[in-house]
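Q: You'll find model.csv just under this line, and it carries CSV, C-alpha atoms (C1' of nucleotides) and all ligand atoms.
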chain,number,residue,atom,x,y,z
J,1,MET,CA,28.4,-6.5,1.6
J,2,LYS,CA,27.7,-8.3,-1.7
J,3,ASN,CA,29.2,-6.0,-4.2
J,4,ASN,CA,30.0,-2.6,-2.8
J,5,SER,CA,31.7,-1.1,-5.9
J,6,SER,CA,28.7,-1.8,-8.2
J,7,PHE,CA,26.5,-0.3,-5.5
J,8,LYS,CA,28.7,2.8,-5.5
J,9,ASN,CA,28.7,2.9,-9.3
J,10,LYS,CA,24.9,2.8,-9.4
J,11,LEU,CA,24.7,5.7,-7.0
J,12,GLU,CA,27.2,7.8,-8.9
J,13,GLU,CA,25.9,7.0,-12.4
J,14,SER,CA,22.5,8.3,-11.3
J,15,GLY,CA,24.0,11.5,-9.9
J,16,HIS,CA,23.9,10.7,-6.2
J,17,SER,CA,26.7,11.0,-3.7
J,18,PHE,CA,28.2,8.0,-1.9
J,19,THR,CA,27.7,8.7,1.8
J,20,SER,CA,28.3,6.6,4.9
J,21,GLN,CA,24.5,6.6,5.6
J,22,ARG,CA,23.7,5.1,2.2
J,23,ALA,CA,26.5,2.5,2.6
J,24,GLU,CA,25.1,1.5,6.0
J,25,VAL,CA,21.6,1.1,4.8
J,26,TYR,CA,22.9,-1.0,1.9
J,27,SER,CA,24.9,-3.1,4.3
J,28,ILE,CA,21.9,-3.9,6.4
J,29,LEU,CA,20.0,-4.9,3.3
J,30,CYS,CA,22.8,-7.2,2.2
J,31,GLU,CA,23.2,-8.9,5.6
J,32,ASN,CA,19.6,-9.6,5.9
J,33,ALA,CA,18.9,-10.7,2.4
J,34,PRO,CA,16.5,-12.1,1.3
J,35,ALA,CA,14.4,-10.6,4.0
J,36,HIS,CA,11.8,-8.0,3.3
J,37,LEU,CA,12.5,-5.1,5.7
J,38,THR,CA,10.5,-2.1,6.6
J,39,ALA,CA,12.2,1.3,7.0
J,40,GLU,CA,11.6,1.1,10.7
J,41,GLU,CA,13.2,-2.3,10.9
J,42,ILE,CA,16.3,-1.0,9.1
J,43,PHE,CA,16.4,2.0,11.3
J,44,ILE,CA,16.3,-0.2,14.5
J,45,LYS,CA,19.1,-2.4,13.1
J,46,LEU,CA,21.2,0.6,12.5
J,47,THR,CA,20.5,1.9,16.0
J,48,GLN,CA,21.4,-1.4,17.5
J,49,ARG,CA,24.7,-1.1,15.7
J,50,HIS,CA,25.1,2.4,17.4
J,51,LEU,CA,24.8,4.2,14.1
J,52,LYS,CA,22.9,7.4,14.5
J,53,ILE,CA,21.0,7.7,11.2
J,54,GLY,CA,17.8,9.6,11.0
J,55,LEU,CA,14.6,7.8,10.1
J,56,SER,CA,14.0,10.4,7.3
J,57,THR,CA,17.3,9.5,5.9
J,58,VAL,CA,16.4,5.8,5.9
J,59,TYR,CA,13.2,6.6,4.0
J,60,ARG,CA,15.0,8.9,1.6
J,61,THR,CA,17.7,6.4,1.0
J,62,LEU,CA,15.3,3.6,0.3
J,63,GLY,CA,13.4,5.8,-2.1
J,64,ILE,CA,16.6,6.5,-4.0
J,65,PHE,CA,17.6,2.8,-4.0
J,66,THR,CA,14.3,1.9,-5.4
J,67,ASN,CA,14.4,4.6,-8.1
J,68,ILE,CA,17.8,3.5,-9.3
J,69,GLY,CA,17.1,-0.2,-9.2
J,70,ILE,CA,19.1,-1.3,-6.1
J,71,THR,CA,16.0,-2.2,-4.1
J,72,ASP,CA,12.4,-3.3,-4.8
J,73,LYS,CA,9.6,-1.8,-2.7
J,74,VAL,CA,7.1,-4.5,-1.8
J,75,ASP,CA,3.8,-4.4,0.0
J,76,PHE,CA,2.4,-7.4,1.9
J,77,ASP,CA,-0.8,-5.6,3.1
J,78,ASP,CA,0.3,-5.0,6.6
J,79,GLY,CA,0.3,-1.3,6.5
J,80,MET,CA,4.0,-0.6,5.7
J,81,SER,CA,6.2,-0.8,2.7
J,82,ARG,CA,9.1,-3.3,2.7
J,83,TYR,CA,12.3,-3.3,0.8
J,84,GLU,CA,14.6,-6.0,-0.6
J,85,LEU,CA,17.7,-6.0,-2.7
J,86,VAL,CA,17.1,-6.5,-6.5
J,87,GLU,CA,18.8,-9.7,-7.6
J,88,ASN,CA,21.1,-9.0,-10.4
J,89,PHE,CA,20.7,-12.4,-12.0
J,90,ASP,CA,21.4,-12.5,-15.8
J,91,GLY,CA,18.6,-11.2,-18.0
J,92,LYS,CA,16.0,-11.1,-15.2
J,93,ASN,CA,14.2,-7.8,-15.4
J,94,HIS,CA,10.9,-8.9,-13.8
J,95,ARG,CA,10.4,-8.9,-10.1
J,96,HIS,CA,10.1,-12.2,-8.4
J,97,HIS,CA,6.8,-13.5,-7.0
J,98,HIS,CA,5.9,-13.7,-3.3
J,99,LEU,CA,4.1,-16.6,-1.6
J,100,ILE,CA,2.2,-15.1,1.4
J,101,CYS,CA,1.0,-17.6,4.0
J,102,LEU,CA,-2.5,-16.8,5.3
J,103,GLY,CA,-1.7,-19.0,8.3
J,104,CYS,CA,1.6,-17.8,9.7
J,105,GLY,CA,2.2,-14.7,7.7
J,106,ARG,CA,5.6,-15.8,6.4
J,107,VAL,CA,6.6,-14.7,2.9
J,108,GLU,CA,8.7,-16.8,0.5
J,109,ASP,CA,10.3,-15.7,-2.7
J,110,ALA,CA,9.4,-17.7,-5.9
J,111,LEU,CA,12.1,-17.1,-8.4
J,112,ASP,CA,10.5,-18.9,-11.5
J,113,ASP,CA,8.6,-16.5,-13.6
J,114,LEU,CA,6.3,-18.7,-15.6
J,115,MET,CA,4.2,-15.8,-16.7
J,116,GLU,CA,4.8,-16.3,-20.5
J,117,ASP,CA,1.3,-17.6,-21.3
J,118,LEU,CA,-0.4,-14.8,-19.4
J,119,GLU,CA,1.9,-12.1,-20.9
J,120,ASN,CA,1.4,-13.4,-24.5
J,121,ASP,CA,-2.3,-13.4,-24.0
J,122,VAL,CA,-2.3,-9.9,-22.6
J,123,LEU,CA,-0.2,-8.6,-25.5
J,124,GLU,CA,-2.5,-10.3,-28.1
J,125,LYS,CA,-5.8,-9.3,-26.5
J,126,PHE,CA,-5.0,-5.8,-25.3
J,127,SER,CA,-1.9,-4.8,-27.2
J,128,PHE,CA,-0.5,-4.1,-23.8
J,129,ASN,CA,3.3,-4.1,-23.5
J,130,ILE,CA,4.3,-5.5,-20.2
J,131,ILE,CA,7.4,-4.0,-18.6
J,132,ASP,CA,7.2,-5.6,-15.1
J,133,HIS,CA,4.7,-7.2,-12.8
J,134,SER,CA,3.8,-7.7,-9.2
J,135,VAL,CA,2.6,-11.2,-8.3
J,136,LYS,CA,1.4,-12.2,-4.8
J,137,LEU,CA,0.2,-15.7,-4.2
J,138,TYR,CA,-1.9,-16.1,-1.1
J,139,GLY,CA,-2.4,-19.5,0.5
J,140,TYR,CA,-1.0,-21.9,3.1
J,141,CYS,CA,2.6,-22.9,3.4
J,142,ALA,CA,3.6,-26.6,3.8
J,143,GLU,CA,3.7,-26.3,7.6
J,144,CYS,CA,0.3,-24.5,7.9
J,145,SER,CA,-1.3,-26.8,5.3
J,146,MET,CA,-0.3,-29.7,7.6
J,147,LYS,CA,-1.7,-28.1,10.7
J,148,ASN,CA,-5.0,-27.3,8.9
J,149,LYS,CA,-5.3,-31.0,7.9
J,150,ILE,CA,-4.8,-32.2,11.4
J,151,GLU,CA,-7.2,-29.7,12.9
J,152,THR,CA,-10.0,-30.2,10.5
J,153,GLY,CA,-9.4,-34.0,10.5
J,154,SER,CA,-9.7,-34.1,6.7
J,155,LYS,CA,-8.6,-37.3,5.0
S,1,MET,CA,-28.6,-2.6,-9.4
S,2,LYS,CA,-27.3,-5.9,-10.7
S,3,ASN,CA,-28.8,-8.4,-8.3
S,4,ASN,CA,-30.1,-6.7,-5.2
S,5,SER,CA,-31.6,-9.7,-3.5
S,6,SER,CA,-28.4,-11.8,-3.6
S,7,PHE,CA,-26.7,-8.7,-2.2
S,8,LYS,CA,-29.2,-8.6,0.6
S,9,ASN,CA,-28.8,-12.4,1.1
S,10,LYS,CA,-25.0,-12.1,1.5
S,11,LEU,CA,-25.4,-9.4,4.1
S,12,GLU,CA,-27.9,-11.4,6.1
S,13,GLU,CA,-26.2,-14.7,5.8
S,14,SER,CA,-23.1,-13.1,7.3
S,15,GLY,CA,-25.1,-11.7,10.2
S,16,HIS,CA,-25.3,-8.1,9.0
S,17,SER,CA,-28.3,-5.9,8.7
S,18,PHE,CA,-29.6,-4.6,5.4
S,19,THR,CA,-29.5,-0.8,5.7
S,20,SER,CA,-30.2,2.0,3.3
S,21,GLN,CA,-26.6,3.2,3.6
S,22,ARG,CA,-25.3,-0.2,2.5
S,23,ALA,CA,-27.7,-0.4,-0.3
S,24,GLU,CA,-26.6,3.0,-1.5
S,25,VAL,CA,-22.9,2.1,-1.5
S,26,TYR,CA,-23.7,-1.1,-3.3
S,27,SER,CA,-25.7,0.8,-5.9
S,28,ILE,CA,-22.8,3.3,-6.6
S,29,LEU,CA,-20.5,0.3,-7.1
S,30,CYS,CA,-23.0,-1.3,-9.5
S,31,GLU,CA,-23.6,1.8,-11.6
S,32,ASN,CA,-19.8,2.4,-11.9
S,33,ALA,CA,-18.7,-1.1,-12.6
S,34,PRO,CA,-16.1,-2.1,-13.6
S,35,ALA,CA,-14.5,1.0,-12.2
S,36,HIS,CA,-12.1,0.9,-9.2
S,37,LEU,CA,-13.4,3.5,-6.8
S,38,THR,CA,-11.8,4.9,-3.7
S,39,ALA,CA,-13.9,5.3,-0.5
S,40,GLU,CA,-13.6,9.1,-1.0
S,41,GLU,CA,-14.9,8.8,-4.6
S,42,ILE,CA,-17.9,6.8,-3.5
S,43,PHE,CA,-18.5,9.3,-0.7
S,44,ILE,CA,-18.5,12.1,-3.2
S,45,LYS,CA,-20.9,10.3,-5.6
S,46,LEU,CA,-23.3,9.7,-2.7
S,47,THR,CA,-23.1,13.4,-1.7
S,48,GLN,CA,-23.8,14.5,-5.3
S,49,ARG,CA,-26.9,12.4,-5.1
S,50,HIS,CA,-27.8,14.3,-1.9
S,51,LEU,CA,-27.4,11.2,0.3
S,52,LYS,CA,-25.9,12.2,3.6
S,53,ILE,CA,-23.8,9.2,4.5
S,54,GLY,CA,-20.7,9.5,6.7
S,55,LEU,CA,-17.3,8.8,5.3
S,56,SER,CA,-16.7,6.4,8.2
S,57,THR,CA,-19.8,4.5,7.2
S,58,VAL,CA,-18.5,4.2,3.6
S,59,TYR,CA,-15.2,2.8,4.9
S,60,ARG,CA,-17.0,0.4,7.3
S,61,THR,CA,-19.3,-0.7,4.6
S,62,LEU,CA,-16.5,-1.4,2.1
S,63,GLY,CA,-14.7,-3.3,4.8
S,64,ILE,CA,-17.8,-5.5,5.4
S,65,PHE,CA,-18.4,-5.9,1.6
S,66,THR,CA,-14.8,-7.1,1.2
S,67,ASN,CA,-15.0,-9.5,4.1
S,68,ILE,CA,-18.1,-11.2,2.8
S,69,GLY,CA,-17.0,-11.3,-0.8
S,70,ILE,CA,-19.1,-8.6,-2.3
S,71,THR,CA,-16.2,-6.4,-3.2
S,72,ASP,CA,-12.4,-6.8,-3.8
S,73,LYS,CA,-10.0,-4.2,-2.3
S,74,VAL,CA,-7.3,-3.3,-4.8
S,75,ASP,CA,-4.2,-1.2,-4.6
S,76,PHE,CA,-2.7,0.6,-7.6
S,77,ASP,CA,0.1,2.3,-5.7
S,78,ASP,CA,-1.4,5.7,-5.6
S,79,GLY,CA,-1.8,6.0,-1.8
S,80,MET,CA,-5.4,4.8,-1.5
S,81,SER,CA,-7.3,1.6,-1.6
S,82,ARG,CA,-9.9,1.0,-4.3
S,83,TYR,CA,-12.9,-1.2,-4.4
S,84,GLU,CA,-14.7,-3.1,-7.2
S,85,LEU,CA,-17.5,-5.6,-7.3
S,86,VAL,CA,-16.5,-9.3,-7.3
S,87,GLU,CA,-17.7,-10.9,-10.5
S,88,ASN,CA,-19.9,-13.8,-9.6
S,89,PHE,CA,-19.0,-15.7,-12.7
S,90,ASP,CA,-19.3,-19.6,-12.4
S,91,GLY,CA,-16.4,-21.3,-10.6
S,92,LYS,CA,-14.1,-18.3,-10.6
S,93,ASN,CA,-12.6,-17.8,-7.2
S,94,HIS,CA,-9.4,-16.1,-8.1
S,95,ARG,CA,-9.3,-12.4,-8.5
S,96,HIS,CA,-8.7,-11.0,-12.0
S,97,HIS,CA,-5.5,-9.3,-13.1
S,98,HIS,CA,-4.9,-5.7,-13.6
S,99,LEU,CA,-3.0,-4.0,-16.4
S,100,ILE,CA,-1.6,-0.7,-15.1
S,101,CYS,CA,-0.4,1.7,-17.8
S,102,LEU,CA,2.8,3.5,-16.8
S,103,GLY,CA,2.0,6.2,-19.4
S,104,CYS,CA,-1.5,7.3,-18.7
S,105,GLY,CA,-2.3,5.5,-15.5
S,106,ARG,CA,-5.4,3.7,-16.8
S,107,VAL,CA,-6.2,0.3,-15.4
S,108,GLU,CA,-7.8,-2.5,-17.4
S,109,ASP,CA,-9.1,-5.8,-16.1
S,110,ALA,CA,-7.7,-9.0,-17.6
S,111,LEU,CA,-10.2,-11.8,-17.0
S,112,ASP,CA,-8.2,-14.8,-18.2
S,113,ASP,CA,-6.3,-16.4,-15.4
S,114,LEU,CA,-3.5,-18.4,-17.2
S,115,MET,CA,-1.7,-19.0,-13.9
S,116,GLU,CA,-1.8,-22.8,-14.0
S,117,ASP,CA,1.9,-23.3,-14.9
S,118,LEU,CA,3.0,-21.0,-12.1
S,119,GLU,CA,0.6,-22.5,-9.6
S,120,ASN,CA,1.6,-26.0,-10.3
S,121,ASP,CA,5.2,-25.1,-10.0
S,122,VAL,CA,4.7,-23.4,-6.7
S,123,LEU,CA,2.7,-26.4,-5.3
S,124,GLU,CA,5.5,-28.8,-6.4
S,125,LYS,CA,8.5,-26.8,-5.3
S,126,PHE,CA,7.1,-25.3,-2.1
S,127,SER,CA,4.1,-27.5,-1.2
S,128,PHE,CA,2.4,-24.1,-1.0
S,129,ASN,CA,-1.4,-24.3,-1.5
S,130,ILE,CA,-2.6,-21.3,-3.3
S,131,ILE,CA,-6.0,-19.9,-2.4
S,132,ASP,CA,-6.0,-16.6,-4.3
S,133,HIS,CA,-3.6,-14.2,-5.9
S,134,SER,CA,-3.0,-10.6,-6.8
S,135,VAL,CA,-1.5,-9.9,-10.2
S,136,LYS,CA,-0.6,-6.5,-11.4
S,137,LEU,CA,1.0,-6.1,-14.9
S,138,TYR,CA,2.8,-2.8,-15.4
S,139,GLY,CA,3.5,-1.6,-18.9
S,140,TYR,CA,2.1,0.6,-21.7
S,141,CYS,CA,-1.4,0.4,-23.1
S,142,ALA,CA,-2.0,0.2,-26.9
S,143,GLU,CA,-2.4,4.0,-27.1
S,144,CYS,CA,0.6,4.9,-25.0
S,145,SER,CA,2.8,2.3,-26.8
S,146,MET,CA,1.9,4.1,-30.0
S,147,LYS,CA,2.7,7.5,-28.6
S,148,ASN,CA,6.1,6.2,-27.3
S,149,LYS,CA,6.9,4.8,-30.8
S,150,ILE,CA,6.2,8.1,-32.5
S,151,GLU,CA,8.1,10.2,-29.9
S,152,THR,CA,11.2,8.0,-29.9
S,153,GLY,CA,11.1,7.5,-33.6
S,154,SER,CA,11.6,3.8,-33.3
S,155,LYS,CA,11.1,1.7,-36.4
P,1,DA,C1',-45.0,-1.1,21.2
P,2,DA,C1',-41.0,-2.2,24.0
P,3,DT,C1',-36.5,-4.0,24.4
P,4,DA,C1',-32.1,-5.3,23.0
P,5,DT,C1',-28.7,-5.2,19.6
P,6,DA,C1',-26.4,-3.2,15.7
P,7,DA,C1',-25.4,0.7,12.7
P,8,DT,C1',-24.4,5.4,12.0
P,9,DG,C1',-21.8,9.8,11.8
P,10,DA,C1',-18.9,13.7,13.4
P,11,DG,C1',-14.8,14.4,14.8
P,12,DA,C1',-10.6,12.8,17.1
P,13,DA,C1',-6.8,9.8,16.9
P,14,DT,C1',-3.5,6.9,14.5
P,15,DG,C1',0.7,5.9,12.2
P,16,DG,C1',3.5,5.3,8.2
P,17,DT,C1',5.5,8.4,5.3
P,18,DT,C1',6.9,13.0,3.5
P,19,DC,C1',8.3,17.6,4.2
P,20,DT,C1',11.0,21.6,6.1
P,21,DC,C1',15.0,23.9,7.0
P,22,DA,C1',19.1,24.9,9.5
P,23,DA,C1',23.4,22.5,10.1
P,24,DT,C1',26.7,19.3,8.1
P,25,DT,C1',29.1,17.0,4.6
P,26,DA,C1',30.7,15.6,0.0
P,27,DA,C1',32.6,16.9,-4.7
P,28,DG,C1',35.4,19.2,-7.8
P,29,DG,C1',38.3,22.9,-9.1
P,30,DA,C1',42.1,26.1,-8.0
G,1,DT,C1',45.0,20.9,0.5
G,2,DC,C1',41.8,24.6,0.8
G,3,DC,C1',37.6,26.8,-1.0
G,4,DT,C1',33.2,27.1,-2.9
G,5,DT,C1',29.0,25.2,-4.1
G,6,DA,C1',25.6,22.0,-4.1
G,7,DA,C1',23.9,17.9,-2.0
G,8,DT,C1',22.8,15.5,2.2
G,9,DT,C1',21.4,14.9,6.8
G,10,DG,C1',18.3,14.8,10.9
G,11,DA,C1',14.8,16.4,14.3
G,12,DG,C1',10.5,17.4,14.3
G,13,DA,C1',6.4,19.1,12.1
G,14,DA,C1',3.0,18.2,8.7
G,15,DC,C1',0.3,15.1,5.9
G,16,DC,C1',-3.5,12.3,5.0
G,17,DA,C1',-5.9,7.9,4.3
G,18,DT,C1',-7.9,5.1,7.4
G,19,DT,C1',-9.6,3.7,11.9
G,20,DC,C1',-11.5,4.6,16.3
G,21,DT,C1',-14.8,6.6,19.8
G,22,DC,C1',-19.0,7.2,21.6
G,23,DA,C1',-23.5,9.4,21.8
G,24,DT,C1',-27.4,9.0,18.8
G,25,DT,C1',-30.4,6.5,15.7
G,26,DA,C1',-32.1,2.6,13.3
G,27,DT,C1',-33.1,-2.3,13.0
G,28,DA,C1',-34.6,-6.8,14.5
G,29,DT,C1',-37.1,-9.6,17.8
G,30,DT,C1',-40.4,-10.5,21.2
X,1,MN,MN,11.1,-11.0,-2.2
X,2,MN,MN,-10.5,-4.8,-11.6
X,3,ZN,ZN,2.3,-20.7,7.1
X,4,ZN,ZN,-1.7,4.3,-21.3
Represent the supplied structure as structure tokens.
Ligand SMILES: [Mn+2]
Ligand SMILES: [Mn+2]
Ligand SMILES: [Zn+2]
Ligand SMILES: [Zn+2]
A:
Amino acid sequence: MKNNSSFKNKLEESGHSFTSQRAEVYSILCENAPAHLTAEEIFIKLTQRHLKIGLSTVYRTLGIFTNIGITDKVDFDDGMSRYELVENFDGKNHRHHHLICLGCGRVEDALDDLMEDLENDVLEKFSFNIIDHSVKLYGYCAECSMKNKIETGSK
Amino acid sequence: MKNNSSFKNKLEESGHSFTSQRAEVYSILCENAPAHLTAEEIFIKLTQRHLKIGLSTVYRTLGIFTNIGITDKVDFDDGMSRYELVENFDGKNHRHHHLICLGCGRVEDALDDLMEDLENDVLEKFSFNIIDHSVKLYGYCAECSMKNKIETGSK
DNA sequence: AATATAATGAGAATGGTTCTCAATTAAGGA
DNA sequence: TCCTTAATTGAGAACCATTCTCATTATATT
């Protein structure tokens, strides 16, 4: 549990009660960070811990967490939404990027933004004011790139 | 119909037959470019044109189009996939970005990539070889930014 | 034209997510 | 602490975009 009292505060500030179910879901997220968990995966981890929380409650809780900025909902094109804790680093208000390997399916977080050029360009050309973004980079991780080279016998 | 023969070629090169249904779906996409259409929207436009094409066929066709690089499948978080023609501009092999307005919901295409800094950084730090990306920029369009200013009375 | 292969379409099935509603629990005041 | 009220929970039903099934039809090849 990273910072349970700020978690509780965020709930209460936004007009939600602090319940054992919400605390348990939060604790699963903390223990598994920086994993990207589905509602079902969280539900299973709770069950393994002999905590009887309904799947609807897991979904509802993750919805609330996402609304009040405790979690981010991410989508890696595999048919289900995934959730991860929002990092509360300094002035960071943009979501981090995701490197999605087309070989092994693994997903890595990339914490450097480096979107300034693009954002300035968009503001100039479209007068579009960017609030946040979702950046997914598809390619091959170091390990899969290596395998590809060996298999194709490229120089 | 932008370039019907290259469309036919792409189908045949990839081992698919050229059928009237596929030609019709392609033609709807061309006529509505650069819109981002759902399978259902395409189906409705076909029906309005008195073309009896099954919804399953529309889905299957869009799946094939996306596999062979005729269309891109995009997701604007509204519960359904959308499809748009791939621009066959010169050496462009990365998908374009999307500006999604949180006010009015409109989506604009941003054709400048400007992802070089980020891609170089990712290659250096992770040895991750980027093949393609998906970039969604959320914010307020010129019109909605204006409205927001007036409503909030900000300087 | 005949044959083999692929495509089509109507409807059923799928599956992640949301909804319903009766039972339970939390919150705040007395 | 007890009471009242409003919020939360959970089991299962409902939802709904998409995929699947399979008999029929169209296309490609000989
Ligand atoms: Mn992440
Ligand atoms: Mn687009
Ligand atoms: Zn990999
Ligand atoms: Zn707008």
Q: Could you make a table, as a Markdown table, of the residues of chain S that have an atom within 12 Å of an atom of ligand ZN 3 (chain X), each with its nearest atom pair and distance in Å to one decimal, counting all atoms listed in the file, in chain and number order?
A:
| residue | atom | partner | partner_atom | distance |
| --- | --- | --- | --- | --- |
| S:Phe126 | CA | X:ZN3 | ZN | 11.4 |
| S:Ser127 | CA | X:ZN3 | ZN | 10.9 |
| S:Phe128 | CA | X:ZN3 | ZN | 8.8 |
| S:Asn129 | CA | X:ZN3 | ZN | 10.0 |
| S:Ile130 | CA | X:ZN3 | ZN | 11.5 |
Q: Please return as number ranges by chain the residues found within 9 Å of ligand MN 2 (chain X), counting only C-alpha atoms (C1' of nucleotides) and all ligand atoms.
A: S: 34-36, 72, 74, 83-86, 95-99, 107-111
Q: For a quick check of understanding, using only C-alpha atoms and all ligand atoms, which of J:Phe43, J:Ser27, J:Ala33, J:Ser81 has the smallest distance to ligand MN 1 (chain X)?
A: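 Closest candidate: J:Ala33.
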Q: Within 9 Å of chain P, which residues belong to chain J? Use all atoms listed in the file and report them as a ChimeraX atom specification.
A: /J:17-19,56,59,79-81
Q: Taking only C-alpha atoms (C1' of nucleotides) into account, what are the residues of chain J at most 10 Å from chain G, put as number ranges by chain?
A: J: 16-17, 19, 21, 52-57
Q: With distances taken over only C-alpha atoms, which residue among S:Ala142, S:Ile70, S:Ile150, S:Leu37 lies nearest chain J?
A: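 Answer, going by the shortest atom-to-atom distance: S:Ala142.
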Q: S:Asp75, S:Thr38, S:Glu87, S:Arg82: which is nearest chain J, counting only C-alpha atoms?
A: S:Asp75
Q: At a cut-off of 7 Å and counting only C-alpha atoms (C1' of nucleotides) and all ligand atoms, what residues surround ligand ZN 4 (chain X)? Please answer as a count of residues only.
A: 11
Q: Suppose you want the space between atom CA of Asp77 of chain S and atom CA of Leu118 of chain J; what is it in Å?
A: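 So the answer is 21.9 Å.
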Q: Mind giving me the straight-line distance from atom MN of ligand MN 1 (chain X) to atom CA of Thr47 of chain J in Å, one decimal?
A: 24.2 Å
Q: Can you work out which one of J:Lys125, J:Lys8, J:Lys149, J:His94 has the shortest atom-to-atom distance to ligand MN 1 (chain X), counting all atoms listed in the file?
A: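 Ranked by minimum distance to ligand MN 1 (chain X), first place goes to J:His94.
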Q: Could segment 42-55 of chain S be completed with N, CA, C and O atoms and returned as a PDB file, keeping the file's coordinate frame?
A:
ATOM      1  N   ILE S  42     -16.538   7.264  -3.733  1.00  0.00           N
ATOM      2  CA  ILE S  42     -17.900   6.800  -3.500  1.00  0.00           C
ATOM      3  C   ILE S  42     -18.638   7.781  -2.605  1.00  0.00           C
ATOM      4  O   ILE S  42     -19.798   8.119  -2.867  1.00  0.00           O
ATOM      5  N   PHE S  43     -17.943   8.288  -1.605  1.00  0.00           N
ATOM      6  CA  PHE S  43     -18.500   9.300  -0.700  1.00  0.00           C
ATOM      7  C   PHE S  43     -18.982  10.514  -1.498  1.00  0.00           C
ATOM      8  O   PHE S  43     -20.082  11.039  -1.286  1.00  0.00           O
ATOM      9  N   ILE S  44     -18.163  10.966  -2.425  1.00  0.00           N
ATOM     10  CA  ILE S  44     -18.500  12.100  -3.200  1.00  0.00           C
ATOM     11  C   ILE S  44     -19.709  11.852  -4.128  1.00  0.00           C
ATOM     12  O   ILE S  44     -20.617  12.667  -4.240  1.00  0.00           O
ATOM     13  N   LYS S  45     -19.729  10.670  -4.730  1.00  0.00           N
ATOM     14  CA  LYS S  45     -20.900  10.300  -5.600  1.00  0.00           C
ATOM     15  C   LYS S  45     -22.164  10.238  -4.772  1.00  0.00           C
ATOM     16  O   LYS S  45     -23.242  10.600  -5.263  1.00  0.00           O
ATOM     17  N   LEU S  46     -22.077   9.796  -3.546  1.00  0.00           N
ATOM     18  CA  LEU S  46     -23.300   9.700  -2.700  1.00  0.00           C
ATOM     19  C   LEU S  46     -23.732  11.147  -2.337  1.00  0.00           C
ATOM     20  O   LEU S  46     -24.928  11.438  -2.348  1.00  0.00           O
ATOM     21  N   THR S  47     -22.751  12.017  -2.066  1.00  0.00           N
ATOM     22  CA  THR S  47     -23.100  13.400  -1.700  1.00  0.00           C
ATOM     23  C   THR S  47     -23.732  14.111  -2.892  1.00  0.00           C
ATOM     24  O   THR S  47     -24.729  14.817  -2.734  1.00  0.00           O
ATOM     25  N   GLN S  48     -23.182  13.886  -4.099  1.00  0.00           N
ATOM     26  CA  GLN S  48     -23.800  14.500  -5.300  1.00  0.00           C
ATOM     27  C   GLN S  48     -25.201  14.063  -5.495  1.00  0.00           C
ATOM     28  O   GLN S  48     -25.999  14.755  -6.102  1.00  0.00           O
ATOM     29  N   ARG S  49     -25.515  12.888  -4.949  1.00  0.00           N
ATOM     30  CA  ARG S  49     -26.900  12.400  -5.100  1.00  0.00           C
ATOM     31  C   ARG S  49     -27.707  12.813  -3.873  1.00  0.00           C
ATOM     32  O   ARG S  49     -28.790  12.291  -3.630  1.00  0.00           O
ATOM     33  N   HIS S  50     -27.152  13.730  -3.099  1.00  0.00           N
ATOM     34  CA  HIS S  50     -27.800  14.300  -1.900  1.00  0.00           C
ATOM     35  C   HIS S  50     -28.135  13.258  -0.869  1.00  0.00           C
ATOM     36  O   HIS S  50     -29.133  13.357  -0.156  1.00  0.00           O
ATOM     37  N   LEU S  51     -27.274  12.239  -0.790  1.00  0.00           N
ATOM     38  CA  LEU S  51     -27.400  11.200   0.300  1.00  0.00           C
ATOM     39  C   LEU S  51     -26.377  11.540   1.318  1.00  0.00           C
ATOM     40  O   LEU S  51     -25.187  11.575   1.028  1.00  0.00           O
ATOM     41  N   LYS S  52     -26.812  11.808   2.508  1.00  0.00           N
ATOM     42  CA  LYS S  52     -25.900  12.200   3.600  1.00  0.00           C
ATOM     43  C   LYS S  52     -25.422  10.929   4.312  1.00  0.00           C
ATOM     44  O   LYS S  52     -26.042  10.502   5.284  1.00  0.00           O
ATOM     45  N   ILE S  53     -24.336  10.357   3.838  1.00  0.00           N
ATOM     46  CA  ILE S  53     -23.800   9.200   4.500  1.00  0.00           C
ATOM     47  C   ILE S  53     -22.368   9.542   4.945  1.00  0.00           C
ATOM     48  O   ILE S  53     -21.613  10.168   4.208  1.00  0.00           O
ATOM     49  N   GLY S  54     -22.034   9.186   6.168  1.00  0.00           N
ATOM     50  CA  GLY S  54     -20.700   9.500   6.700  1.00  0.00           C
ATOM     51  C   GLY S  54     -19.608   8.785   6.029  1.00  0.00           C
ATOM     52  O   GLY S  54     -19.785   7.650   5.588  1.00  0.00           O
ATOM     53  N   LEU S  55     -18.449   9.438   5.948  1.00  0.00           N
ATOM     54  CA  LEU S  55     -17.300   8.800   5.300  1.00  0.00           C
ATOM     55  C   LEU S  55     -16.900   7.547   6.111  1.00  0.00           C
ATOM     56  O   LEU S  55     -16.508   6.532   5.527  1.00  0.00           O
TER      57      LEU S  55
END
